[in-house]
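Note: the block below is my_file_13.txt and it holds compact mmCIF, C-alpha atoms.
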# COMPACT_ATOMS: atom_id res chain seq x y z
CA ALA Y 23 -197.98 -32.41 -44.08
CA CYS Y 24 -198.82 -29.59 -41.67
CA ARG Y 25 -200.16 -26.11 -42.29
CA ALA Y 26 -197.39 -23.53 -42.27
CA THR Y 27 -196.52 -22.11 -38.82
CA THR Y 28 -199.46 -23.75 -36.98
CA PHE Y 29 -198.16 -27.31 -37.47
CA PHE Y 30 -201.71 -28.61 -37.57
CA PRO Y 31 -201.91 -31.60 -39.93
CA ASN Y 32 -203.77 -31.82 -43.20
CA LEU Y 33 -206.47 -34.20 -42.03
CA GLU Y 34 -207.58 -35.09 -45.55
CA ALA Y 35 -204.32 -37.02 -45.92
CA ALA Y 36 -205.64 -39.37 -43.22
CA LYS Y 37 -209.17 -39.81 -44.52
CA ASP Y 38 -208.63 -43.54 -45.20
CA ALA Y 39 -206.92 -44.27 -41.88
CA ASP Y 40 -208.56 -46.32 -39.13
CA ILE Y 41 -206.58 -44.62 -36.36
CA ILE Y 42 -205.18 -41.09 -36.11
CA PHE Y 43 -202.36 -40.42 -33.64
CA PHE Y 44 -202.37 -36.81 -32.45
CA CYS Y 45 -200.04 -35.16 -29.92
CA SER Y 46 -200.87 -31.81 -28.30
CA PRO Y 47 -198.74 -30.06 -27.20
CA ASN Y 48 -196.52 -31.50 -29.87
CA ASN Y 49 -193.03 -32.90 -29.65
CA PRO Y 50 -190.89 -31.62 -31.39
CA THR Y 51 -192.59 -28.42 -32.59
CA GLY Y 52 -193.95 -27.28 -29.22
CA ALA Y 53 -197.24 -26.37 -30.91
CA ALA Y 54 -200.53 -26.85 -29.06
CA ALA Y 55 -203.78 -27.32 -30.95
CA THR Y 56 -206.49 -24.71 -30.46
CA ARG Y 57 -210.09 -25.54 -29.59
CA ALA Y 58 -211.11 -24.90 -33.19
CA GLN Y 59 -208.42 -27.27 -34.46
CA CYS Y 60 -209.36 -29.96 -31.94
CA LYS Y 61 -213.02 -29.60 -32.95
CA GLU Y 62 -212.00 -30.02 -36.59
CA LEU Y 63 -210.10 -33.17 -35.64
CA VAL Y 64 -213.01 -34.62 -33.66
CA ASP Y 65 -215.58 -33.83 -36.35
CA PHE Y 66 -213.33 -35.35 -39.01
CA ALA Y 67 -212.85 -38.57 -37.03
CA ASN Y 68 -216.54 -38.94 -36.22
CA LYS Y 69 -217.48 -38.32 -39.85
CA ASN Y 70 -215.05 -40.97 -41.12
CA GLY Y 71 -215.55 -43.57 -38.38
CA GLN Y 72 -212.00 -43.20 -37.07
CA ILE Y 73 -210.46 -43.44 -33.61
CA VAL Y 74 -208.09 -40.70 -32.44
CA ILE Y 75 -205.30 -41.65 -30.03
CA TYR Y 76 -204.75 -38.30 -28.31
CA ASP Y 77 -201.36 -37.96 -26.62
CA ALA Y 78 -201.63 -35.32 -23.88
CA ALA Y 79 -198.25 -35.94 -22.23
CA TYR Y 80 -197.38 -32.23 -22.18
CA ALA Y 81 -200.84 -30.85 -21.38
CA PHE Y 82 -199.69 -29.49 -18.01
CA TYR Y 83 -197.47 -27.02 -19.90
CA ILE Y 84 -200.38 -25.35 -21.71
CA GLU Y 85 -200.99 -21.75 -20.73
CA ASN Y 86 -203.01 -20.54 -23.73
CA PRO Y 87 -206.70 -20.68 -22.65
CA ASP Y 88 -207.68 -21.34 -26.26
CA CYS Y 89 -205.79 -24.65 -26.22
CA PRO Y 90 -207.63 -27.45 -24.36
CA LYS Y 91 -205.68 -29.50 -21.82
CA THR Y 92 -207.75 -32.57 -22.65
CA ILE Y 93 -209.54 -33.59 -25.83
CA TYR Y 94 -212.65 -34.25 -23.74
CA GLU Y 95 -213.20 -30.51 -23.50
CA ILE Y 96 -214.34 -30.84 -27.12
CA GLU Y 97 -217.93 -31.81 -27.92
CA GLY Y 98 -218.17 -35.16 -29.70
CA SER Y 99 -214.77 -36.42 -28.53
CA GLU Y 100 -216.17 -39.23 -26.37
CA THR Y 101 -217.38 -41.07 -29.47
CA CYS Y 102 -214.03 -41.04 -31.28
CA CYS Y 103 -211.12 -40.36 -28.90
CA ILE Y 104 -208.82 -42.28 -26.58
CA GLU Y 105 -206.57 -40.05 -24.48
CA SER Y 106 -203.28 -41.02 -22.86
CA CYS Y 107 -201.07 -39.12 -20.44
CA SER Y 108 -198.31 -39.80 -17.92
CA PHE Y 109 -196.21 -38.44 -15.07
CA SER Y 110 -193.08 -38.49 -17.26
CA LYS Y 111 -192.91 -34.78 -18.04
CA TYR Y 112 -194.52 -33.46 -14.86
CA ALA Y 113 -192.76 -35.41 -12.14
CA GLY Y 114 -189.64 -36.77 -13.82
CA PHE Y 115 -191.11 -40.28 -14.21
CA THR Y 116 -189.51 -40.96 -17.58
CA GLY Y 117 -187.75 -44.07 -16.24
CA LEU Y 118 -190.60 -45.30 -14.01
CA ARG Y 119 -193.21 -45.12 -16.79
CA LEU Y 120 -196.44 -44.44 -14.94
CA GLY Y 121 -199.37 -43.15 -16.94
CA TRP Y 122 -203.05 -43.53 -17.65
CA THR Y 123 -205.44 -43.93 -20.57
CA VAL Y 124 -209.05 -42.78 -20.83
CA VAL Y 125 -211.34 -44.91 -23.01
CA PRO Y 126 -214.91 -43.55 -22.97
CA GLU Y 127 -217.86 -45.92 -22.66
CA ALA Y 128 -219.44 -44.10 -25.61
CA LEU Y 129 -216.59 -45.14 -27.93
CA LYS Y 130 -217.76 -48.03 -30.11
CA PHE Y 131 -216.48 -50.06 -33.03
CA ALA Y 132 -218.40 -49.96 -36.32
CA ASP Y 133 -220.43 -52.99 -35.23
CA GLY Y 134 -221.48 -51.25 -32.01
CA SER Y 135 -219.27 -53.30 -29.69
CA SER Y 136 -217.35 -51.62 -26.87
CA VAL Y 137 -213.81 -50.35 -27.48
CA ARG Y 138 -213.34 -50.09 -23.72
CA PHE Y 139 -214.11 -53.81 -23.28
CA ASP Y 140 -211.43 -54.81 -25.80
CA TRP Y 141 -208.97 -52.33 -24.34
CA ASN Y 142 -209.49 -53.74 -20.87
CA ARG Y 143 -209.09 -57.29 -22.17
CA CYS Y 144 -205.79 -56.41 -23.87
CA MET Y 145 -204.45 -54.63 -20.77
CA CYS Y 146 -205.44 -57.44 -18.42
CA THR Y 147 -203.95 -60.08 -20.71
CA ALA Y 148 -200.71 -58.42 -21.80
CA PHE Y 149 -199.90 -56.12 -18.88
CA ASN Y 150 -199.70 -56.85 -15.17
CA GLY Y 151 -199.85 -53.20 -14.12
CA ALA Y 152 -197.35 -50.58 -13.00
CA SER Y 153 -194.86 -51.51 -10.29
CA ASN Y 154 -195.61 -50.68 -6.66
CA VAL Y 155 -192.69 -48.24 -6.68
CA ALA Y 156 -194.15 -46.34 -9.64
CA GLN Y 157 -197.64 -46.32 -8.13
CA GLY Y 158 -196.25 -45.04 -4.83
CA GLY Y 159 -194.51 -42.22 -6.67
CA GLY Y 160 -197.72 -41.38 -8.50
CA LEU Y 161 -199.68 -41.13 -5.26
CA ALA Y 162 -196.98 -38.88 -3.81
CA ALA Y 163 -197.08 -36.67 -6.91
CA LEU Y 164 -200.84 -36.23 -6.49
CA SER Y 165 -200.61 -35.24 -2.83
CA ASP Y 166 -200.88 -31.53 -1.96
CA GLU Y 167 -197.10 -31.28 -1.59
CA GLY Y 168 -196.45 -33.30 -4.73
CA TRP Y 169 -198.91 -31.29 -6.82
CA LYS Y 170 -197.24 -28.05 -5.73
CA SER Y 171 -193.83 -29.49 -6.56
CA MET Y 172 -194.98 -30.55 -10.04
CA GLN Y 173 -196.33 -27.07 -10.73
CA GLU Y 174 -193.04 -25.53 -9.66
CA THR Y 175 -191.07 -27.97 -11.81
CA VAL Y 176 -193.18 -27.29 -14.88
CA GLY Y 177 -192.92 -23.54 -14.28
CA PHE Y 178 -189.13 -23.81 -14.06
CA TYR Y 179 -188.83 -25.64 -17.38
CA LYS Y 180 -191.29 -23.26 -19.05
CA GLU Y 181 -189.07 -20.37 -18.00
CA ASN Y 182 -186.07 -22.22 -19.46
CA ALA Y 183 -187.95 -22.61 -22.74
CA LYS Y 184 -188.80 -18.93 -22.90
CA MET Y 185 -185.16 -18.01 -22.26
CA LEU Y 186 -184.08 -20.25 -25.14
CA LYS Y 187 -186.73 -18.84 -27.45
CA LYS Y 188 -185.75 -15.27 -26.64
CA THR Y 189 -182.10 -16.09 -27.31
CA PHE Y 190 -182.73 -17.49 -30.78
CA GLU Y 191 -185.13 -14.68 -31.66
CA GLU Y 192 -182.49 -12.14 -30.67
CA LEU Y 193 -180.05 -14.02 -32.90
CA GLY Y 194 -182.44 -13.51 -35.81
CA PHE Y 195 -183.99 -16.97 -36.10
CA LYS Y 196 -187.66 -17.84 -36.57
CA VAL Y 197 -188.69 -19.82 -33.51
CA TYR Y 198 -191.78 -21.88 -32.62
CA GLY Y 199 -192.97 -23.50 -29.40
CA ALA Y 200 -191.67 -22.62 -25.90
CA VAL Y 201 -195.03 -21.25 -24.72
CA ASP Y 202 -197.25 -24.30 -24.24
CA ALA Y 203 -194.47 -26.91 -24.28
CA PRO Y 204 -190.89 -27.39 -23.04
CA TYR Y 205 -189.45 -27.49 -26.57
CA VAL Y 206 -188.06 -24.80 -28.85
CA TRP Y 207 -188.32 -25.51 -32.59
CA VAL Y 208 -185.78 -23.36 -34.44
CA ASP Y 209 -186.02 -22.69 -38.17
CA PHE Y 210 -182.60 -22.74 -39.85
CA ASP Y 211 -184.01 -21.56 -43.17
CA GLY Y 212 -183.94 -24.86 -45.03
CA ARG Y 213 -180.44 -25.95 -44.05
CA ASP Y 214 -179.75 -29.64 -43.60
CA SER Y 215 -180.65 -30.24 -39.95
CA TRP Y 216 -177.86 -32.76 -39.42
CA GLU Y 217 -175.33 -30.19 -40.65
CA VAL Y 218 -176.79 -27.65 -38.22
CA PHE Y 219 -176.65 -30.21 -35.42
CA THR Y 220 -172.97 -30.85 -36.19
CA GLU Y 221 -172.16 -27.15 -36.38
CA ILE Y 222 -173.79 -26.39 -33.02
CA LEU Y 223 -172.08 -29.37 -31.40
CA THR Y 224 -168.68 -28.48 -32.83
CA LYS Y 225 -168.82 -24.79 -31.99
CA THR Y 226 -170.59 -24.87 -28.62
CA ASP Y 227 -170.50 -28.44 -27.26
CA ILE Y 228 -174.31 -28.31 -27.08
CA VAL Y 229 -176.31 -31.39 -28.08
CA THR Y 230 -179.51 -30.60 -29.97
CA THR Y 231 -181.93 -32.78 -31.91
CA PRO Y 232 -181.92 -32.46 -35.72
CA GLY Y 233 -185.41 -32.01 -37.10
CA ALA Y 234 -184.87 -34.72 -39.70
CA GLY Y 235 -184.81 -37.22 -36.85
CA PHE Y 236 -188.57 -36.71 -36.57
CA GLY Y 237 -189.20 -37.27 -40.27
CA PRO Y 238 -188.43 -35.59 -43.61
CA THR Y 239 -190.67 -32.57 -42.98
CA GLY Y 240 -188.57 -31.75 -39.90
CA ASP Y 241 -185.48 -31.11 -41.98
CA GLY Y 242 -184.41 -27.48 -41.81
CA PHE Y 243 -185.27 -27.29 -38.11
CA VAL Y 244 -183.49 -28.12 -34.86
CA ARG Y 245 -185.22 -28.93 -31.57
CA MET Y 246 -183.90 -27.53 -28.31
CA SER Y 247 -185.07 -28.96 -24.99
CA ALA Y 248 -185.71 -26.92 -21.84
CA PHE Y 249 -185.07 -29.90 -19.56
CA CYS Y 250 -181.81 -28.78 -17.96
CA HIS Y 251 -180.36 -27.01 -14.91
CA ARG Y 252 -180.48 -23.22 -15.05
CA ASP Y 253 -176.71 -22.75 -14.79
CA ASN Y 254 -176.19 -25.13 -17.73
CA LEU Y 255 -178.80 -23.22 -19.72
CA GLU Y 256 -177.15 -19.89 -19.02
CA THR Y 257 -173.80 -21.28 -20.15
CA ALA Y 258 -175.41 -22.64 -23.32
CA ILE Y 259 -177.02 -19.28 -24.07
CA GLU Y 260 -173.67 -17.51 -23.72
CA ARG Y 261 -172.07 -19.94 -26.16
CA LEU Y 262 -174.90 -19.66 -28.67
CA LYS Y 263 -174.78 -15.87 -28.61
CA LYS Y 264 -171.02 -15.93 -29.12
CA GLU Y 265 -171.04 -18.34 -32.07
CA PHE Y 266 -174.27 -17.46 -33.89
CA ALA Y 267 -174.55 -13.70 -33.56
CA LYS Y 268 -175.29 -12.22 -36.99

Starting from the file, lay out its structure as structure tokens.
Amino acid sequence: ACRATTFFPNLEAAKDADIIFFCSPNNPTGAAATRAQCKELVDFANKNGQIVIYDAAYAFYIENPDCPKTIYEIEGSETCCIESCSFSKYAGFTGLRLGWTVVPEALKFADGSSVRFDWNRCMCTAFNGASNVAQGGGLAALSDEGWKSMQETVGFYKENAKMLKKTFEELGFKVYGAVDAPYVWVDFDGRDSWEVFTEILTKTDIVTTPGAGFGPTGDGFVRMSAFCHRDNLETAIERLKKEFAK
């Protein structure tokens, strides 16, 4: 369960867990955790001897200065957090699958042994590394030209997201996300999300993602993605305004 509107989880529900998976910015809600929320998460994990797997795949989209782009901006995180990220959402590497994981030396198991040592052993045993093609693409993405291109790409999709959010707000819907993430989370006031999905598809030929697909608490919402060409987005907005104007 998450706190209303902020989508930050009720951590007490995970007090007996060994591992907590946490994604910020979040897919599908588009919510990004604040520094205070991340500090609460870190303190909770350290207190209960838990490890947090922190998914930062959309961190490059964060523009709110109160939302950290890495969990390691938070004091105490090195003793309880593993962070993962990738080029998937920054450089269109979804098919190539090139990413990285940070496992701090300070992170230990309850017996004091190194988490990093076991992580390295698992990676070296079960994984032969990313392909040369993927690594070459990663190096190109981190060049001056590649970095500029990634920033432009992210900026383009963020603008798409804001256009979608504005559209649904003008249509009278409560909308979340679209500021620190490329997703728009639209509240359809408790309606069955699969019915909403079907209605939007039937009336506008637009494919969305029903919130129930992310779990029972997502029902009543529909996720819209900003990953599209601008002309397609403009056409979609015209159709949505025509069919859902109140």

Set out as a tab-separated table a contact list for region 47-137 of chain Y and region 213-232 of chain Y with a cut-off of 12 Å, giving each residue of region 47-137 of chain Y that qualifies its closest atom pair and distance in Å to one decimal, counting all atoms listed in the file, ordered by chain and rising residue number.
residue	atom	partner	partner_atom	distance
Y:Asn49	CA	Y:Thr231	CA	11.3
Y:Pro50	CA	Y:Thr231	CA	9.0
Y:Thr51	CA	Y:Thr231	CA	11.5

query = Excluding same-chain residues fewer than 5 positions from region 94-107 of chain Y, what lies within 12 Å of it counting only C-alpha atoms, as number ranges by chain?
reply = Y: 40-47, 55-82, 87-89, 112, 115, 119-132, 134, 136-138, 141

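Nearest residue to Gln157 (chain Y), choosing from Y:Phe249, Y:Tyr205, Y:Phe109, Y:Phe190 and counting only C-alpha atoms: Y:Phe109.
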
request  = Tell me, as a PyMOL selection string, which residues lie within 10 Å of Phe210 (chain Y), counting only C-alpha atoms; anything in the same chain fewer than 4 positions away does not count.
outcome  = chain Y and resi 195-197+214-215+218+241-244

inquiry  = Every residue with an atom at most 9 Å from (-198.4, -22.7, -23.2) (file coordinates; only C-alpha atoms) is what I'm after, so could you write them as a list of chain:residue names?
reply    =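 So the residues meeting the distance criterion are Y:Pro47, Y:Gly52, Y:Ala53, Y:Ala54, Y:Ala81, Y:Phe82, Y:Tyr83, Y:Ile84, Y:Glu85, Y:Asn86, Y:Pro87, Y:Cys89, Y:Lys180, Y:Gly199, Y:Ala200, Y:Val201, Y:Asp202, Y:Ala203, Y:Pro204.
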
Within 10 Å of Leu186 (chain Y) using only C-alpha atoms, minus same-chain residues under 4 positions, as an MDAnalysis selection string = chainID Y and resid 180:182 190:192 197 200 205:206 208 246:248 255:256 258:259 262

Next, the residues of the selection above should be written as a CSV table (one decimal), in the frame of the given file with C-alpha atoms.
chain,number,residue,atom,x,y,z
Y,180,LYS,CA,-191.3,-23.3,-19.0
Y,181,GLU,CA,-189.1,-20.4,-18.0
Y,182,ASN,CA,-186.1,-22.2,-19.5
Y,190,PHE,CA,-182.7,-17.5,-30.8
Y,191,GLU,CA,-185.1,-14.7,-31.7
Y,192,GLU,CA,-182.5,-12.1,-30.7
Y,197,VAL,CA,-188.7,-19.8,-33.5
Y,200,ALA,CA,-191.7,-22.6,-25.9
Y,205,TYR,CA,-189.4,-27.5,-26.6
Y,206,VAL,CA,-188.1,-24.8,-28.8
Y,208,VAL,CA,-185.8,-23.4,-34.4
Y,246,MET,CA,-183.9,-27.5,-28.3
Y,247,SER,CA,-185.1,-29.0,-25.0
Y,248,ALA,CA,-185.7,-26.9,-21.8
Y,255,LEU,CA,-178.8,-23.2,-19.7
Y,256,GLU,CA,-177.2,-19.9,-19.0
Y,258,ALA,CA,-175.4,-22.6,-23.3
Y,259,ILE,CA,-177.0,-19.3,-24.1
Y,262,LEU,CA,-174.9,-19.7,-28.7

Pick from Y:Cys146, Y:Ala36, Y:Cys250, Y:Leu193 nearest to Glu265 (chain Y), counting only C-alpha atoms =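 Of all the options, Y:Leu193 lies closest to Glu265 (chain Y).
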
request  = For Gly114 (chain Y), list every protein, DNA or RNA residue within 12 Å, evaluated using all atoms listed in the file, and leave out those in the same chain fewer than 2 positions away; present the list as a PyMOL selection string.
outcome  = chain Y and resi 108-112+116-120+156+159-160+163+168+171-172+175-176+179+249-250

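Going from CA of Thr27 (chain Y) over to CA of Pro90 (chain Y), you cover 19.0 Å.
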
inquiry  = One decimal, in Å: what's the spacing between CA of Asn142 (chain Y) and CA of Thr92 (chain Y)?
reply    =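 It comes out at 21.3 Å.
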
message = Taking all atoms listed in the file into account, name the residue in Y:Trp169, Y:Phe139, Y:Phe266, Y:Tyr198 that is nearest to Asn48 (chain Y).
response =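 Using all atoms listed in the file, Asn48 (chain Y) sits closest to Y:Tyr198.
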
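Picture a line from CA of Phe178 (chain Y) to CA of Arg252 (chain Y); it runs 8.7 Å.
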
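With all atoms listed in the file as the atoms that count, the minimum distance from Ala267 (chain Y) to the choices Y:Thr189, Y:Ser135, Y:Asn154, Y:Gln173 is reached by Y:Thr189.
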
message = For a quick check of understanding, using all atoms listed in the file, which of Y:Cys144, Y:Pro238, Y:Ile93, Y:Lys170 has the smallest distance to Ala113 (chain Y)?
response =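 Checking each of Y:Cys144, Y:Pro238, Y:Ile93, Y:Lys170 against Ala113 (chain Y), counting all atoms listed in the file, the winner is Y:Lys170.
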